[in-house]
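Novice: Dropping in model_13.txt, which is compact mmCIF, C-alpha atoms and all ligand atoms:
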# COMPACT_ATOMS: atom_id res chain seq x y z
CA MET T 281 -30.76 -37.16 -10.64
CA ASP T 282 -30.29 -40.64 -9.13
CA LYS T 283 -29.99 -41.44 -5.46
CA ASN T 284 -27.59 -39.17 -3.61
CA LYS T 285 -26.44 -39.01 -0.05
CA ILE T 286 -28.61 -36.46 1.75
CA VAL T 287 -27.57 -34.88 5.03
CA VAL T 288 -30.33 -33.25 7.07
CA THR T 289 -28.98 -30.90 9.72
CA CYS T 290 -30.84 -30.02 12.90
CA PRO T 291 -30.23 -28.06 16.10
CA LYS T 292 -27.98 -29.92 18.53
CA GLY T 293 -29.92 -32.57 20.41
CA LEU T 294 -32.88 -32.91 18.05
CA THR T 295 -31.63 -35.99 16.15
CA PRO T 296 -33.91 -38.48 17.96
CA PHE T 297 -36.93 -36.50 16.73
CA LEU T 298 -35.52 -35.93 13.25
CA ARG T 299 -34.68 -39.64 12.94
CA GLY T 300 -38.34 -40.53 13.58
CA GLU T 301 -39.54 -37.99 11.04
CA ILE T 302 -37.17 -39.29 8.34
CA LEU T 303 -38.21 -42.91 8.96
CA ASP T 304 -41.88 -41.84 8.78
CA LEU T 305 -41.16 -40.60 5.24
CA SER T 306 -39.91 -44.11 4.40
CA LEU T 307 -36.35 -42.91 3.94
CA PRO T 308 -33.41 -44.79 5.48
CA VAL T 309 -31.23 -43.52 8.31
CA LEU T 310 -27.66 -44.24 7.19
CA GLY T 311 -25.79 -42.23 9.80
CA GLU T 312 -26.32 -39.94 12.71
CA SER T 313 -24.34 -37.17 14.38
CA VAL T 314 -25.16 -34.77 17.19
CA ALA T 315 -26.70 -32.26 14.77
CA GLY T 316 -27.70 -34.18 11.69
CA ILE T 317 -28.83 -37.38 10.02
CA THR T 318 -27.63 -38.94 6.79
CA THR T 319 -30.16 -40.51 4.47
CA GLU T 320 -30.28 -40.99 0.72
CA GLY T 321 -32.61 -40.21 -2.14
CA GLY T 322 -33.20 -38.08 -5.19
CA MET T 323 -34.31 -34.49 -5.61
CA ASN T 324 -37.93 -35.56 -5.13
CA ASP T 325 -37.04 -37.00 -1.74
CA ALA T 326 -35.22 -33.77 -0.88
CA MET T 327 -38.42 -31.89 -1.73
CA ARG T 328 -40.49 -34.19 0.49
CA LEU T 329 -38.05 -33.72 3.36
CA ASN T 330 -38.20 -29.93 2.98
CA PHE T 331 -41.96 -30.06 2.95
CA HIS T 332 -42.61 -32.38 5.89
CA LEU T 333 -39.79 -32.04 8.40
CA ARG T 334 -40.59 -30.15 11.59
CA THR T 335 -37.26 -30.65 13.35
CA GLY T 336 -34.76 -30.43 10.45
CA HIS T 337 -32.89 -27.26 9.50
CA ARG T 338 -31.36 -27.88 6.12
CA VAL T 339 -31.64 -30.63 3.55
CA LEU T 340 -28.25 -30.97 1.88
CA LEU T 341 -27.91 -33.06 -1.26
CA LEU T 342 -24.36 -34.31 -1.80
CA LEU T 343 -22.75 -33.53 -5.15
CA ARG T 344 -19.18 -34.64 -4.55
CA GLU T 345 -16.81 -35.74 -1.81
CA PHE T 346 -13.04 -35.39 -2.21
CA TYR T 347 -9.81 -34.77 -0.35
CA ALA T 348 -8.34 -31.27 -0.30
CA SER T 349 -5.30 -30.08 1.53
CA SER T 350 -5.13 -26.57 0.08
CA PRO T 351 -7.43 -23.86 -1.29
CA GLU T 352 -6.10 -24.77 -4.75
CA ASP T 353 -7.28 -28.39 -4.31
CA LEU T 354 -10.68 -27.06 -3.28
CA TYR T 355 -10.85 -24.79 -6.34
CA ARG T 356 -9.78 -27.51 -8.78
CA GLU T 357 -12.16 -30.17 -7.46
CA THR T 358 -15.09 -27.74 -7.20
CA ALA T 359 -14.53 -26.43 -10.74
CA SER T 360 -14.67 -29.98 -12.08
CA ILE T 361 -18.33 -30.40 -10.96
CA ARG T 362 -20.80 -29.93 -13.85
CA TRP T 363 -22.35 -26.77 -12.36
CA GLU T 364 -23.99 -26.01 -15.71
CA ASP T 365 -26.34 -28.94 -14.91
CA TYR T 366 -27.51 -27.28 -11.67
CA ILE T 367 -27.17 -23.52 -11.92
CA ASP T 368 -28.45 -20.98 -14.43
CA ASP T 369 -25.67 -18.77 -15.73
CA ASN T 370 -27.97 -15.79 -15.13
CA GLY T 371 -28.86 -16.93 -11.61
CA TYR T 372 -27.61 -15.98 -8.17
CA ILE T 373 -25.59 -18.19 -5.85
CA SER T 374 -24.59 -18.07 -2.24
CA VAL T 375 -21.97 -20.31 -0.61
CA THR T 376 -22.21 -21.26 3.06
CA SER T 377 -19.81 -23.56 4.85
CA SER T 378 -18.49 -25.35 7.86
CA VAL T 379 -14.71 -25.32 7.61
CA SER T 380 -12.17 -26.68 10.06
CA THR T 381 -8.90 -27.44 8.33
CA PRO T 382 -5.33 -26.37 9.00
CA SER T 383 -4.90 -25.02 5.47
CA ILE T 384 -7.55 -22.28 5.89
CA LYS T 385 -7.59 -19.70 8.67
CA ASP T 386 -10.54 -17.62 7.51
CA THR T 387 -13.67 -19.56 6.57
CA ARG T 388 -14.69 -16.75 4.26
CA TYR T 389 -11.66 -17.46 2.09
CA ALA T 390 -12.86 -21.06 1.57
CA ASN T 391 -16.30 -19.75 0.59
CA VAL T 392 -14.77 -17.32 -1.91
CA LYS T 393 -12.56 -20.06 -3.42
CA CYS T 394 -15.58 -22.33 -3.77
CA LYS T 395 -17.72 -19.56 -5.27
CA ASP T 396 -14.92 -18.56 -7.71
CA ALA T 397 -14.62 -22.16 -8.90
CA ILE T 398 -18.36 -22.32 -9.61
CA VAL T 399 -18.70 -18.97 -11.40
CA ASP T 400 -15.45 -19.47 -13.36
CA ARG T 401 -16.71 -22.84 -14.57
CA LEU T 402 -20.02 -21.36 -15.66
CA LEU T 403 -18.24 -18.49 -17.43
CA ALA T 404 -16.02 -20.96 -19.27
CA VAL T 405 -18.83 -23.35 -20.23
CA CYS T 406 -21.78 -20.97 -20.74
CA GLY T 407 -20.03 -17.67 -21.48
CA ARG T 408 -21.66 -15.96 -18.51
CA ARG T 409 -21.23 -15.94 -14.73
CA PRO T 410 -24.08 -15.88 -12.20
CA ASP T 411 -24.24 -13.20 -9.53
CA SER T 412 -23.25 -14.15 -6.01
CA GLY T 413 -23.68 -12.81 -2.50
CA PRO T 414 -24.90 -13.63 1.00
CA ASP T 415 -28.67 -13.92 0.32
CA ARG T 416 -30.01 -17.40 0.83
CA ASP T 417 -33.23 -17.03 -1.09
CA ARG T 418 -31.94 -18.50 -4.35
CA THR T 419 -29.31 -21.16 -5.16
CA VAL T 420 -27.33 -22.10 -2.06
CA ILE T 421 -24.21 -24.28 -2.10
CA TYR T 422 -22.87 -25.75 1.12
CA LEU T 423 -19.20 -26.61 1.63
CA TYR T 424 -18.15 -28.98 4.40
CA TRP T 425 -14.39 -29.19 4.94
CA LYS T 426 -12.93 -31.00 7.93
CA ASP T 427 -9.18 -31.69 7.97
CA SER T 428 -8.58 -32.94 4.42
CA ARG T 429 -12.16 -34.23 3.80
CA CYS T 430 -14.32 -32.01 1.66
CA ALA T 431 -17.93 -32.34 0.56
CA ILE T 432 -19.97 -30.05 -1.69
CA TYR T 433 -23.74 -30.04 -1.33
CA LEU T 434 -26.72 -28.34 -2.91
CA ASP T 435 -28.59 -26.77 0.00
CA THR T 436 -32.10 -27.62 -1.14
CA SER T 437 -33.65 -25.65 1.73
CA GLY T 438 -32.01 -22.26 1.10
CA GLU T 439 -33.22 -20.39 4.14
CA PRO T 440 -33.18 -22.80 7.12
CA LEU T 441 -36.42 -24.72 7.63
CA SER T 442 -36.77 -23.22 11.11
CA LYS T 443 -37.90 -20.10 9.28
CA ARG T 444 -41.42 -21.32 8.66
CA GLY T 445 -42.55 -17.86 7.64
CA TYR T 446 -45.25 -17.34 10.26
CA ARG T 447 -43.25 -15.58 12.92
CA LYS T 448 -43.46 -12.04 11.67
CA LEU T 449 -43.46 -10.73 15.23
CA PRO T 450 -40.99 -12.47 17.53
CA PHE T 451 -41.50 -11.41 21.12
CA ARG T 452 -38.59 -11.46 23.60
CA ALA T 453 -36.53 -14.68 23.68
CA PRO T 454 -38.64 -16.64 21.21
CA MET T 455 -38.03 -20.34 20.88
CA GLN T 456 -36.86 -21.49 17.47
CA GLU T 457 -39.70 -23.18 15.57
CA THR T 458 -37.78 -26.46 15.10
CA LEU T 459 -36.99 -26.66 18.82
CA ALA T 460 -40.60 -25.84 19.71
CA ALA T 461 -41.83 -28.64 17.41
CA ALA T 462 -39.45 -31.11 19.10
CA VAL T 463 -40.60 -29.98 22.56
CA VAL T 464 -44.24 -30.58 21.56
CA MET T 465 -43.26 -34.01 20.20
CA ALA T 466 -41.43 -34.77 23.47
CA THR T 467 -44.61 -34.03 25.44
CA GLY T 468 -46.32 -36.74 23.39
CA TRP T 469 -49.26 -34.45 22.63
CA SER T 470 -50.81 -34.83 19.22
CA GLY T 471 -54.35 -33.53 19.62
CA GLU T 472 -55.89 -35.60 22.38
CA GLY T 473 -56.76 -33.64 25.53
CA SER T 474 -55.94 -29.96 25.86
CA PHE T 475 -52.65 -28.18 25.26
CA ILE T 476 -52.15 -25.40 27.79
CA ASN T 477 -49.27 -22.98 27.29
CA PRO T 478 -49.01 -20.21 29.87
CA MET T 479 -46.04 -17.81 29.33
CA CYS T 480 -46.52 -18.36 25.60
CA GLY T 481 -44.43 -15.37 24.42
CA SER T 482 -44.75 -15.20 20.63
CA GLY T 483 -46.84 -18.37 20.66
CA THR T 484 -44.35 -20.72 19.01
CA LEU T 485 -45.14 -23.78 21.15
CA ALA T 486 -48.90 -23.38 20.77
CA ILE T 487 -48.63 -22.79 17.00
CA GLU T 488 -46.36 -25.81 16.48
CA ALA T 489 -48.72 -27.88 18.64
CA ALA T 490 -51.66 -26.90 16.43
CA LEU T 491 -49.72 -27.67 13.24
CA ILE T 492 -48.79 -31.11 14.61
CA ALA T 493 -52.29 -31.97 15.81
CA LEU T 494 -53.87 -30.80 12.57
CA ASN T 495 -51.35 -32.82 10.60
CA ARG T 496 -50.26 -29.76 8.63
CA PRO T 497 -46.75 -30.00 7.19
CA PRO T 498 -44.72 -26.84 7.82
CA GLY T 499 -43.81 -26.70 4.12
CA LEU T 500 -47.37 -25.57 3.37
CA LEU T 501 -46.44 -22.25 4.99
CA ARG T 502 -43.41 -21.46 2.86
CA SER T 503 -43.31 -20.48 -0.77
CA ASN T 504 -39.55 -20.43 -1.36
CA PHE T 505 -36.99 -23.20 -1.01
CA GLY T 506 -33.47 -23.64 -2.39
CA PHE T 507 -34.47 -26.53 -4.68
CA MET T 508 -36.74 -24.17 -6.63
CA HIS T 509 -33.57 -22.42 -7.85
CA ILE T 510 -31.80 -25.49 -9.12
CA LYS T 511 -31.97 -26.33 -12.83
CA GLY T 512 -34.52 -29.00 -13.65
CA TYR T 513 -36.76 -28.03 -10.71
CA ASN T 514 -39.81 -30.23 -11.13
CA LYS T 515 -42.70 -27.91 -10.28
CA ALA T 516 -45.31 -30.53 -11.15
CA GLU T 517 -43.76 -32.90 -8.58
CA TRP T 518 -43.74 -30.14 -5.95
CA ASP T 519 -47.36 -29.23 -6.69
CA GLY T 520 -48.19 -32.93 -6.31
CA ILE T 521 -46.50 -33.11 -2.89
CA ARG T 522 -48.47 -30.07 -1.73
CA ALA T 523 -51.75 -31.31 -3.21
CA SER T 524 -51.49 -34.74 -1.60
CA ALA T 525 -50.87 -33.13 1.81
CA LYS T 526 -53.89 -30.88 1.35
CA ALA T 527 -56.03 -33.86 0.35
CA ARG T 528 -55.10 -35.80 3.49
CA PRO T 529 -57.73 -35.75 6.23
CA SER T 530 -56.96 -33.05 8.76
CA GLY T 531 -55.97 -34.15 12.26
CA LYS T 532 -58.52 -33.69 15.03
CA LEU T 533 -58.37 -31.51 18.09
CA ALA T 534 -60.21 -33.26 20.89
CA GLY T 535 -59.37 -30.59 23.47
CA ARG T 536 -58.51 -26.91 23.53
CA ILE T 537 -55.26 -25.08 22.87
CA ILE T 538 -54.95 -22.24 25.35
CA ALA T 539 -52.01 -19.83 25.32
CA THR T 540 -51.55 -16.96 27.78
CA ASP T 541 -48.89 -14.43 28.69
CA ILE T 542 -48.73 -11.63 31.22
CA ASN T 543 -47.59 -9.20 28.54
CA PRO T 544 -50.30 -7.95 26.16
CA GLU T 545 -47.67 -7.24 23.49
CA ALA T 546 -46.69 -10.91 23.54
CA ILE T 547 -50.32 -11.93 23.10
CA GLU T 548 -50.74 -9.51 20.22
CA ALA T 549 -47.63 -10.91 18.52
CA ALA T 550 -48.72 -14.51 19.20
CA GLY T 551 -52.18 -13.84 17.71
CA LYS T 552 -50.70 -12.35 14.55
CA ASN T 553 -48.23 -15.20 14.21
CA ALA T 554 -51.00 -17.78 14.65
CA ASP T 555 -53.02 -15.95 12.01
CA THR T 556 -50.11 -16.05 9.55
CA ALA T 557 -49.67 -19.75 10.33
CA GLY T 558 -53.36 -20.32 9.52
CA VAL T 559 -54.19 -21.78 12.94
CA LYS T 560 -55.61 -18.80 14.80
CA GLN T 561 -59.12 -20.23 14.91
CA TYR T 562 -57.83 -23.25 16.87
CA LEU T 563 -56.04 -21.23 19.54
CA GLU T 564 -57.46 -19.35 22.52
CA PHE T 565 -55.23 -16.50 23.65
CA GLY T 566 -55.47 -14.51 26.86
CA THR T 567 -53.47 -11.92 28.74
CA SER T 568 -52.96 -13.06 32.32
CA ASP T 569 -50.53 -14.20 34.94
CA PHE T 570 -49.71 -17.87 34.29
CA SER T 571 -51.47 -18.86 37.51
CA GLU T 572 -54.78 -17.47 36.19
CA THR T 573 -54.72 -19.56 33.01
CA VAL T 574 -57.90 -21.56 32.46
CA VAL T 575 -57.18 -25.28 32.64
CA PRO T 576 -60.20 -27.22 31.37
CA GLU T 577 -61.35 -30.58 32.70
CA GLY T 578 -60.30 -33.63 30.77
CA GLY T 579 -56.52 -33.61 31.09
CA GLY T 580 -53.84 -33.10 28.51
CA VAL T 581 -50.54 -31.32 28.54
CA VAL T 582 -49.49 -28.06 30.19
CA VAL T 583 -46.14 -26.61 29.10
CA LEU T 584 -44.34 -23.55 30.38
CA ASN T 585 -41.15 -21.96 29.11
CA PRO T 586 -40.32 -19.38 31.78
CA GLY T 587 -37.27 -17.14 31.52
CA TYR T 588 -34.19 -18.76 33.04
CA GLY T 589 -32.04 -15.85 33.92
CA GLU T 590 -29.75 -15.89 30.88
CA ARG T 591 -31.39 -13.23 28.85
CA MET T 592 -34.37 -12.00 30.82
CA GLY T 593 -35.60 -11.80 34.36
CA ASP T 594 -33.72 -11.70 37.58
CA ILE T 595 -32.92 -14.88 39.50
CA ASP T 596 -34.67 -14.00 42.77
CA THR T 597 -37.89 -13.01 41.04
CA LEU T 598 -37.64 -16.08 38.85
CA ALA T 599 -37.19 -18.32 41.90
CA SER T 600 -40.59 -17.29 43.18
CA VAL T 601 -42.07 -17.67 39.67
CA TYR T 602 -40.79 -21.27 39.53
CA GLY T 603 -42.21 -21.93 42.98
CA GLY T 604 -45.51 -20.50 41.76
CA ILE T 605 -45.48 -22.86 38.78
CA GLY T 606 -45.23 -25.78 41.22
CA ASP T 607 -48.29 -24.45 43.09
CA PHE T 608 -50.14 -23.89 39.81
CA PHE T 609 -49.45 -27.49 38.78
CA LYS T 610 -50.62 -28.84 42.13
CA LYS T 611 -53.73 -26.70 42.42
CA LYS T 612 -55.04 -26.32 38.89
CA CYS T 613 -53.51 -29.00 36.67
CA LYS T 614 -54.53 -32.29 38.26
CA GLY T 615 -54.96 -35.00 35.67
CA TYR T 616 -52.54 -33.25 33.29
CA ARG T 617 -48.95 -33.96 32.40
CA GLY T 618 -46.98 -30.86 33.31
CA PHE T 619 -43.80 -29.74 31.55
CA ILE T 620 -41.28 -26.99 32.20
CA PHE T 621 -38.66 -26.11 29.61
CA THR T 622 -35.74 -24.42 31.31
CA GLY T 623 -32.01 -23.83 30.99
CA ASN T 624 -31.52 -23.26 34.70
CA PRO T 625 -31.38 -26.41 36.88
CA GLU T 626 -31.16 -24.38 40.11
CA LEU T 627 -34.41 -22.57 39.32
CA ALA T 628 -36.01 -25.89 38.33
CA LYS T 629 -35.49 -27.12 41.91
CA LYS T 630 -37.73 -24.30 43.15
CA VAL T 631 -40.74 -25.97 41.49
CA GLY T 632 -40.85 -28.31 44.45
CA LEU T 633 -42.13 -31.33 42.53
CA ARG T 634 -40.20 -34.39 41.51
CA ALA T 635 -39.63 -34.56 37.76
CA LYS T 636 -40.60 -37.92 36.35
CA LYS T 637 -38.51 -37.45 33.22
CA ARG T 638 -35.86 -35.04 31.93
CA THR T 639 -35.20 -34.60 28.23
CA VAL T 640 -32.08 -32.68 27.22
CA PHE T 641 -32.34 -29.97 24.57
CA PHE T 642 -30.13 -27.10 23.49
CA ASN T 643 -31.46 -23.61 23.04
CA GLY T 644 -28.57 -22.28 20.97
CA GLU T 645 -25.57 -23.17 23.12
CA ILE T 646 -27.53 -23.27 26.39
CA GLU T 647 -28.16 -26.78 27.66
CA CYS T 648 -31.82 -27.02 28.65
CA ARG T 649 -34.12 -29.66 30.06
CA LEU T 650 -37.74 -30.42 29.42
CA LEU T 651 -38.91 -31.58 32.84
CA GLU T 652 -42.01 -33.70 33.02
CA TYR T 653 -44.27 -33.87 36.07
CA GLU T 654 -47.13 -36.27 36.49
CA LEU T 655 -49.93 -34.36 38.17
CA TYR T 656 -52.06 -37.12 39.60
CA GLU T 657 -55.79 -36.63 39.84
CA GLY T 658 -56.32 -38.89 42.82
CA SER T 659 -54.79 -39.29 46.22
CA ARG T 660 -51.15 -39.79 45.19
CA ASP T 661 -49.05 -36.94 46.46
CA PRO T 662 -47.46 -35.24 43.44
CA ARG T 663 -45.00 -33.28 45.50
CA GLY T 664 -42.30 -35.92 45.83
CA PRO T 665 -39.40 -34.88 48.01
CA ARG T 666 -39.09 -31.40 49.46
CA PRO T 667 -37.15 -29.02 47.22
CA ASP T 668 -34.05 -29.34 49.38
CA GLN T 669 -34.16 -33.11 48.80
CA ALA T 670 -34.96 -32.90 45.08
CA LYS T 671 -32.51 -34.39 42.65
CA SER T 672 -30.45 -31.94 40.66
CA ASP T 673 -32.15 -31.29 37.32
C1 LIG B 1 -38.91 -17.29 27.60
S1 LIG B 1 -40.35 -16.39 27.19
C2 LIG B 1 -41.32 -17.61 26.35
C3 LIG B 1 -40.95 -17.70 24.90
C4 LIG B 1 -41.90 -18.52 24.08
N1 LIG B 1 -41.69 -19.96 24.29
C5 LIG B 1 -41.77 -18.18 22.59
O1 LIG B 1 -41.48 -19.06 21.78
O2 LIG B 1 -41.90 -17.01 22.26
C6 LIG B 1 -41.16 -16.23 28.72
C7 LIG B 1 -42.49 -15.50 28.68
O3 LIG B 1 -43.06 -15.53 29.96
C8 LIG B 1 -43.82 -14.36 30.14
N2 LIG B 1 -44.02 -14.18 31.60
C9 LIG B 1 -43.12 -13.80 32.54
N3 LIG B 1 -43.69 -13.79 33.76
C10 LIG B 1 -44.98 -14.19 33.61
C11 LIG B 1 -46.06 -14.42 34.51
N4 LIG B 1 -45.94 -14.22 35.81
N5 LIG B 1 -47.23 -14.86 34.00
C12 LIG B 1 -47.37 -15.06 32.67
N6 LIG B 1 -46.39 -14.86 31.76
C13 LIG B 1 -45.19 -14.43 32.22
C14 LIG B 1 -43.01 -13.28 29.49
O4 LIG B 1 -43.83 -12.17 29.12
C15 LIG B 1 -42.42 -14.05 28.27
O5 LIG B 1 -43.22 -13.84 27.14
Let me see the structure of the file written as structure tokens.
Ligand SMILES: C[S@@+](CC[C@H](N)C(=O)[O-])C[C@H]1O[C@@H](n2cnc3c(N)ncnc32)[C@H](O)[C@@H]1O

Specialist:
Amino acid sequence: MDKNKIVVTCPKGLTPFLRGEILDLSLPVLGESVAGITTEGGMNDAMRLNFHLRTGHRVLLLLREFYASSPEDLYRETASIRWEDYIDDNGYISVTSSVSTPSIKDTRYANVKCKDAIVDRLLAVCGRRPDSGPDRDRTVIYLYWKDSRCAIYLDTSGEPLSKRGYRKLPFRAPMQETLAAAVVMATGWSGEGSFINPMCGSGTLAIEAALIALNRPPGLLRSNFGFMHIKGYNKAEWDGIRASAKARPSGKLAGRIIATDINPEAIEAAGKNADTAGVKQYLEFGTSDFSETVVPEGGGVVVLNPGYGERMGDIDTLASVYGGIGDFFKKKCKGYRGFIFTGNPELAKKVGLRAKKRTVFFNGEIECRLLEYELYEGSRDPRGPRPDQAKSD
């Protein structure tokens, strides 16, 4: 397969991080949207993207773009693709889509039309039709149809890359792995100083932090990807990608990674998840109120993701928790850079410190901010204006 257009999707707002990751892999950035980046390359590049990306969701390799103004157009154009080159007639396919066109009311109908075109073609050419259904663990085809513009992709990821495979036990309101990786990247932490994560829940931030600092690609944790179910899958190439990552020197942890939560069930889940991710020996877990978390000398990053009243916790209680985080920062975290990830700007004001920087993220549809506080060691007063004077976050 020669060079194709490749679209890498990501959660809304993560493109600045994804862009950096794609450039680091020496692939070009040809276009950018709010939830994806266009690059180009062959199947080997798609494999590398699947293996290395921390903030991407799906690596989509373009097969054909065309205009379609009816389901019949979609069927005809899709059936003219040489599916016998990509799919085993005794395989299993799943079609996913993003459809917004006046000629289709029910997205599922577009998926069925697309799937019919593929299996009918294979029946005609090979004498046999593959099975099909909703499972994404084998060959996945992605249909994009906006107005009259259609594009058909091989979804080389299959299951989204956010499913790293280590989170067997999600505790309440876990952060998606891709978002957690981007939050760690936004803190600028990559192994120097300590990484302190009170309110760690299922441990996603601390685990992603360890994977980043140790220079471990997330693809090492997963054994199944969509590209493995596409004809011509080059296993030797894939083994080579994995082997060269394993041969690379491991990153260094100069400080400690400490993760705590008030709920012992959360800590149990986080410990098991860290174990599955292969980083448990680098993490120190503890059950405690956030304010009791050990913060070692030497500086680093302290990140908290408290509830923000959407799914858990009640606003009045949370207001005093946010105020307590401000006190914790002032009393125990001098010399650190403090971060709060929250979707509630009103609660953020209760922290009582002036945020130096605000980075916008989306947790699903909820607009969130990563607020950064510089917690000076010396005589500078970190409090900034009183809460009633603080800028709206
Ligand atoms: C939004 S969740 C964090 C989710 C986490 N980022 C993850 O990926 O799983 C908030 C966590 O704060 C914990 N928590 C609430 N109040 C706390 C307190 N006073 N001290 C420590 N942890 C607390 C809860 O048990 C919960 O696990």

Novice: Which one is closest to ligand LIG 1 (chain B): T:Phe619, T:Thr484, T:Leu584, T:Ser503? Count only C-alpha atoms and all ligand atoms.

Specialist: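 Using only C-alpha atoms and all ligand atoms, the shortest distance to ligand LIG 1 (chain B) belongs to T:Thr484.
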
Novice: Using only C-alpha atoms and all ligand atoms, find each residue with an atom at most 9 Å away from ligand LIG 1 (chain B) and format the answer as a ChimeraX atom specification.

Specialist: /T:450-457,460,477-486,540-547,550,567-573,584-588,591-593,598,601,604,621-622

Novice: If you keep C-alpha atoms, can you produce a file of those selected residues as a short mmCIF file (atom, residue, chain, number, x, y, z; two decimals), keeping the file's coordinate frame?

Specialist:
data_model
loop_
_atom_site.label_atom_id
_atom_site.label_comp_id
_atom_site.auth_asym_id
_atom_site.auth_seq_id
_atom_site.Cartn_x
_atom_site.Cartn_y
_atom_site.Cartn_z
CA PRO T 450 -40.99 -12.47 17.53
CA PHE T 451 -41.50 -11.41 21.12
CA ARG T 452 -38.59 -11.46 23.60
CA ALA T 453 -36.53 -14.68 23.68
CA PRO T 454 -38.64 -16.64 21.21
CA MET T 455 -38.03 -20.34 20.88
CA GLN T 456 -36.86 -21.49 17.47
CA GLU T 457 -39.70 -23.18 15.57
CA ALA T 460 -40.60 -25.84 19.71
CA ASN T 477 -49.27 -22.98 27.29
CA PRO T 478 -49.01 -20.21 29.87
CA MET T 479 -46.04 -17.81 29.33
CA CYS T 480 -46.52 -18.36 25.60
CA GLY T 481 -44.43 -15.37 24.42
CA SER T 482 -44.75 -15.20 20.63
CA GLY T 483 -46.84 -18.37 20.66
CA THR T 484 -44.35 -20.72 19.01
CA LEU T 485 -45.14 -23.78 21.15
CA ALA T 486 -48.90 -23.38 20.77
CA THR T 540 -51.55 -16.96 27.78
CA ASP T 541 -48.89 -14.43 28.69
CA ILE T 542 -48.73 -11.63 31.22
CA ASN T 543 -47.59 -9.20 28.54
CA PRO T 544 -50.30 -7.95 26.16
CA GLU T 545 -47.67 -7.24 23.49
CA ALA T 546 -46.69 -10.91 23.54
CA ILE T 547 -50.32 -11.93 23.10
CA ALA T 550 -48.72 -14.51 19.20
CA THR T 567 -53.47 -11.92 28.74
CA SER T 568 -52.96 -13.06 32.32
CA ASP T 569 -50.53 -14.20 34.94
CA PHE T 570 -49.71 -17.87 34.29
CA SER T 571 -51.47 -18.86 37.51
CA GLU T 572 -54.78 -17.47 36.19
CA THR T 573 -54.72 -19.56 33.01
CA LEU T 584 -44.34 -23.55 30.38
CA ASN T 585 -41.15 -21.96 29.11
CA PRO T 586 -40.32 -19.38 31.78
CA GLY T 587 -37.27 -17.14 31.52
CA TYR T 588 -34.19 -18.76 33.04
CA ARG T 591 -31.39 -13.23 28.85
CA MET T 592 -34.37 -12.00 30.82
CA GLY T 593 -35.60 -11.80 34.36
CA LEU T 598 -37.64 -16.08 38.85
CA VAL T 601 -42.07 -17.67 39.67
CA GLY T 604 -45.51 -20.50 41.76
CA PHE T 621 -38.66 -26.11 29.61
CA THR T 622 -35.74 -24.42 31.31
#

Novice: Could you jot down the atom CA of Ile538 of chain T to atom CA of Gly632 of chain T separation for me, Å, one decimal place?

Specialist: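 These two atoms are separated by 24.5 Å.
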
Novice: What does the structure give for the distance between atom CA of Thr556 of chain T and atom CA of Leu501 of chain T, in Å to one decimal?

Specialist: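 Here the two named atoms are 8.5 Å from each other.
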
Novice: Rank nothing, just name the residue among T:Thr597, T:Ala466, T:Thr318, T:Thr376 nearest to Phe641 of chain T, using all atoms listed in the file.

Specialist: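 Closest to Phe641 of chain T of all the choices is T:Ala466.
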
Novice: Just how far from atom CA of His509 of chain T is atom CA of Ser412 of chain T, in Å to one decimal?

Specialist: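 Value for the atom CA of Ser412 of chain T-atom CA of His509 of chain T distance: 13.4 Å.
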
Novice: Under the rule that all atoms listed in the file are counted, which of T:Thr436, T:Ser428, T:Asn391, T:Asn553 is the nearest residue to Tyr513 of chain T?

Specialist: T:Thr436

Novice: Check the smallest atom-to-atom distance from each of T:Gly623, T:Arg447, T:Lys385, T:Tyr347 to Glu645 of chain T using only C-alpha atoms, then report the winner.

Specialist: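 For Glu645 of chain T, the nearest of the given residues is T:Gly623.
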
Novice: Using all atoms listed in the file, which of the listed residues (T:Ile605, T:Val287, T:Ile421, T:Leu651) sits closest to Tyr366 of chain T?

Specialist: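 Counting all atoms listed in the file, the residue closest to Tyr366 of chain T is T:Ile421.
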
Novice: Measuring atom to atom with all atoms listed in the file, identify which of T:Thr295, T:Ile384, T:Asp325, T:Arg362 is nearest to Ala404 of chain T.

Specialist: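 Using all atoms listed in the file, the shortest distance to Ala404 of chain T belongs to T:Arg362.
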
Novice: Quick one: residues within 12 Å of Pro308 of chain T, only C-alpha atoms counted, chain neighbours fewer than 3 positions away excluded, as JSON, numbers by chain?

Specialist: {"T": [283, 285, 286, 287, 298, 299, 300, 301, 302, 303, 304, 305, 311, 312, 317, 318, 319, 320, 321, 325]}

Novice: Name the residues in contact with Asn330 of chain T at a cut-off of 10 Å, using all atoms listed in the file, excluding same-chain residues fewer than 3 positions from it; report them as a list of chain:residue names.

Specialist: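 Here the answer would be T:Val288, T:Asn324, T:Asp325, T:Ala326, T:Met327, T:Leu333, T:Arg334, T:Gly336, T:His337, T:Arg338, T:Val339, T:Thr436, T:Ser437, T:Pro440, T:Leu441, T:Pro497, T:Pro498, T:Gly499, T:Arg502, T:Phe505, T:Gly506, T:Phe507.
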
Novice: Residues near Ala628 of chain T, anyone? I mean within 7 Å using only C-alpha atoms, not counting same-chain ones fewer than 3 positions away, as a PyMOL selection string.

Specialist: chain T and resi 602+624-625+631+673

Novice: Taking 3 positions as the minimum chain separation for residues in the same chain, which residues sit within 12 Å of segment 531-536 of chain T when counting all atoms listed in the file? Answer as a ChimeraX atom specification.

Specialist: /T:469-477,486,489-497,525-528,539,559,561-565,574-582
